[in-house]
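Okay, target29.cif is below, mmCIF, C-alpha atoms:
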```cif
data_final
loop_
_atom_site.label_atom_id
_atom_site.label_comp_id
_atom_site.auth_asym_id
_atom_site.auth_seq_id
_atom_site.Cartn_x
_atom_site.Cartn_y
_atom_site.Cartn_z
CA MET A 1 -7.26 -3.41 -7.46
CA TRP A 2 -4.97 -0.49 -6.73
CA LEU A 3 -1.98 -1.19 -9.01
CA ARG A 4 -2.61 -1.78 -12.70
CA ALA A 5 -0.47 0.03 -15.29
CA GLY A 6 2.62 -1.85 -16.40
CA ALA A 7 2.13 -4.65 -13.92
CA ARG A 8 2.35 -8.36 -14.55
CA MET A 9 -0.42 -10.46 -13.15
CA SER A 10 -0.18 -13.94 -11.69
CA GLU A 11 -3.28 -16.00 -10.93
CA THR A 12 -3.64 -14.37 -7.54
CA ALA A 13 -1.59 -11.15 -7.56
CA ILE A 14 -0.53 -8.09 -9.48
CA ILE A 15 3.22 -7.51 -9.28
CA LYS A 16 5.15 -4.43 -10.42
CA THR A 17 8.90 -3.88 -10.07
CA VAL A 18 10.65 -0.57 -10.75
CA VAL A 19 14.18 0.69 -10.16
CA LEU A 20 14.18 4.14 -8.59
CA PRO A 21 17.15 6.54 -8.62
CA ALA A 22 17.00 6.94 -4.84
CA THR A 23 18.32 5.30 -1.70
CA ARG A 24 16.25 2.73 0.18
CA ASP A 25 15.88 5.26 3.02
CA ASP A 26 14.46 7.84 0.59
CA VAL A 27 12.02 5.31 -0.91
CA TRP A 28 11.05 4.15 2.59
CA ARG A 29 10.32 7.73 3.59
CA ALA A 30 8.15 8.18 0.46
CA LEU A 31 6.14 5.06 1.37
CA THR A 32 5.72 5.76 5.08
CA SER A 33 5.35 9.54 5.29
CA PRO A 34 1.70 10.61 4.88
CA ASP A 35 2.69 13.81 3.04
CA GLU A 36 5.07 12.07 0.63
CA LEU A 37 2.70 9.15 0.02
CA SER A 38 -0.12 11.64 -0.62
CA ALA A 39 2.03 13.40 -3.24
CA TRP A 40 2.92 10.09 -4.91
CA LEU A 41 -0.63 8.69 -4.99
CA GLY A 42 -2.38 12.00 -5.64
CA ASN A 43 -4.77 11.26 -2.76
CA VAL A 44 -5.11 12.37 0.85
CA VAL A 45 -3.35 9.86 3.10
CA GLU A 46 -3.58 9.35 6.85
CA LEU A 47 -1.01 6.82 8.00
CA ASP A 48 0.44 5.43 11.20
CA ALA A 49 3.32 3.47 9.63
CA ARG A 50 3.84 1.12 12.59
CA PRO A 51 2.58 -2.48 12.66
CA GLY A 52 -1.07 -2.29 13.69
CA GLY A 53 -1.29 1.36 12.60
CA ALA A 54 -4.22 2.71 10.63
CA VAL A 55 -4.16 3.55 6.91
CA ILE A 56 -6.82 5.79 5.37
CA ILE A 57 -6.61 6.98 1.77
CA ARG A 58 -9.25 9.38 0.43
CA ASP A 59 -9.48 9.89 -3.33
CA ALA A 60 -10.96 12.77 -5.33
CA THR A 61 -14.18 10.83 -6.07
CA GLY A 62 -14.99 10.42 -2.36
CA GLY A 63 -13.85 6.82 -2.18
CA ILE A 64 -11.89 5.70 0.84
CA ARG A 65 -9.42 2.87 1.35
CA ARG A 66 -9.25 1.88 5.00
CA GLY A 67 -6.81 -0.60 6.41
CA ILE A 68 -4.02 -1.56 8.74
CA VAL A 69 -0.24 -1.82 8.57
CA GLU A 70 0.77 -5.47 8.89
CA VAL A 71 4.57 -5.20 8.52
CA ALA A 72 6.98 -2.26 8.72
CA GLU A 73 10.65 -3.29 8.49
CA ARG A 74 12.55 -0.04 7.95
CA ALA A 75 13.92 0.39 4.41
CA LYS A 76 13.03 -3.22 3.60
CA THR A 77 9.35 -4.25 3.75
CA PHE A 78 6.08 -2.37 4.19
CA VAL A 79 2.80 -4.32 4.04
CA VAL A 80 -0.74 -2.99 4.36
CA ARG A 81 -4.11 -4.73 4.18
CA TRP A 82 -7.03 -2.58 3.09
CA ARG A 83 -10.31 -2.36 1.23
CA ARG A 84 -12.19 0.34 -0.63
CA LEU A 85 -15.37 1.89 0.78
CA GLU A 86 -17.69 4.11 -1.28
CA GLY A 87 -20.92 5.84 -0.33
CA SER A 88 -22.54 5.72 3.09
CA GLY A 89 -25.47 4.24 4.96
CA THR A 90 -27.53 1.83 2.88
CA GLY A 91 -25.65 2.99 -0.23
CA LEU A 92 -22.27 1.88 1.16
CA THR A 93 -20.29 -0.28 -1.26
CA VAL A 94 -17.48 -2.33 0.28
CA GLY A 95 -14.69 -3.58 -1.97
CA VAL A 96 -12.67 -6.73 -1.59
CA ALA A 97 -9.78 -6.74 0.82
CA THR A 98 -6.28 -6.70 -0.65
CA ARG A 99 -2.80 -6.90 0.78
CA VAL A 100 -0.18 -4.62 -0.75
CA ALA A 101 3.45 -5.48 -0.04
CA PHE A 102 6.26 -3.06 -0.87
CA GLU A 103 9.67 -4.76 -0.95
CA LEU A 104 12.83 -2.62 -1.20
CA ALA A 105 16.26 -3.88 -2.28
CA ASP A 106 19.53 -2.30 -3.36
CA GLU A 107 20.11 -2.15 -7.11
CA GLY A 108 23.57 -0.59 -7.48
CA GLU A 109 23.18 2.99 -6.25
CA SER A 110 19.42 2.83 -6.80
CA THR A 111 16.53 0.98 -5.14
CA ARG A 112 14.46 -1.83 -6.64
CA LEU A 113 10.87 -1.50 -5.43
CA THR A 114 8.58 -4.48 -5.93
CA VAL A 115 4.88 -3.97 -5.24
CA ARG A 116 2.63 -7.00 -4.93
CA GLU A 117 -1.13 -6.69 -4.47
CA GLU A 118 -3.33 -9.71 -3.88
CA GLN A 119 -6.85 -10.33 -2.71
CA VAL A 120 -7.09 -11.62 0.87
CA ALA A 121 -9.73 -12.48 3.44
CA LEU A 122 -10.34 -9.96 6.18
CA ALA A 123 -8.94 -10.94 9.55
CA THR A 124 -11.20 -8.64 11.63
CA SER A 125 -14.03 -6.17 11.30
CA ARG A 126 -11.60 -3.29 12.06
CA PHE A 127 -11.59 -2.47 8.34
CA ALA A 128 -15.24 -1.50 8.17
CA GLY A 129 -16.34 2.16 7.94
#
```

Entire entry expressed as structure tokens:
Amino acid sequence: MWLRAGARMSETAIIKTVVLPATRDDVWRALTSPDELSAWLGNVVELDARPGGAVIIRDATGGIRRGIVEVAERAKTFVVRWRRLEGSGTGLTVGVATRVAFELADEGESTRLTVREEQVALATSRFAG
């Protein structure tokens, strides 16, 4: 799964909550701007942050996460469903599908960001290579 360090794990999900010294609009921009998300994740990100939009994340090892935006409620909730693809042709390895939900809430003058990742079934074949 994508999120590991410092997270608590339920039976079906990994959940991490942090308080960031930024406004919800600033955190939203960091989550939904390809350039800012690339800087945060350390990977190349292609993102259409609208519901139904494509998400492609390329890491330094050649792995790709490909998915779709399920929910985009400005400065509140951003949800993507994706899976990891590695290799190509007959050597293609397809990872399990996960849903990652980013929930933003005010915490004084800061923003509480809760990230929840859980394994899910794929709804369509749109996620394949």

Ranking A:Ile15, A:Val94, A:Arg29, A:Gly63 by minimum distance to A:Asn43 and counting only C-alpha atoms, which one comes first?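 Smallest separation from A:Asn43 among the options: A:Gly63.
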
The PyMOL selection byres ((chain A and resi 107) around 12) resolved against shown file, as a list in words: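 Expected selection for the PyMOL selection byres ((chain A and resi 107) around 12) here is Thr17, Val18, Val19, Leu20, Pro21, Ala22, Thr23, Arg24, Leu104, Ala105, Asp106, Gly108, Glu109, Ser110, Thr111, Arg112, Leu113 and Thr114 of chain A.
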
When you count only C-alpha atoms, which of these residues is closest to A:Gln119: A:Phe102, A:Trp82, A:Trp40, A:Trp28? A:Trp82

So how many Å separate atom CA of A:Glu70 and atom CA of A:Ala13, to one decimal? 17.6 Å

So how far away is atom CA of A:Gly91 from atom CA of A:Thr12, in Å?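 The value is 29.0 Å.
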
Counting all atoms listed in the file, which residues have an atom no more than 12 Å from (1.4, 3.4, 4.7) in the file's coordinates? Please list them as a ChimeraX atom specification. /A:28-38,40-41,44-57,65-72,77-82,99-102

Just how far from atom CA of A:Ala121 is atom CA of A:Thr98, in Å to one decimal?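 Between atom CA of A:Thr98 and atom CA of A:Ala121 the gap is 7.9 Å.
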
Let me know the centre plus edge lengths, in Å and rounded to one decimal, of a box with edges along x, y and z that contains all listed atoms of stretch 33-40 of chain A and is padded by 5 Å on every side, as AutoDock Vina command-line options.
```
--center_x 2.6 --center_y 11.5 --center_z 0.2 --size_x 15.5 --size_y 14.7 --size_z 20.2
```

Could you check which of A:Leu85, A:Ala39, A:Ala75, A:Val115 is closest to A:Ala97, using all atoms listed in the file?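 Using all atoms listed in the file, A:Ala97 sits closest to A:Leu85.
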
Option closest in space to A:Arg58, from A:Asp25, A:Glu86, A:Glu118, A:Glu73 [counting only C-alpha atoms]: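 Residue with the minimum atom-to-atom distance to A:Arg58: A:Glu86.
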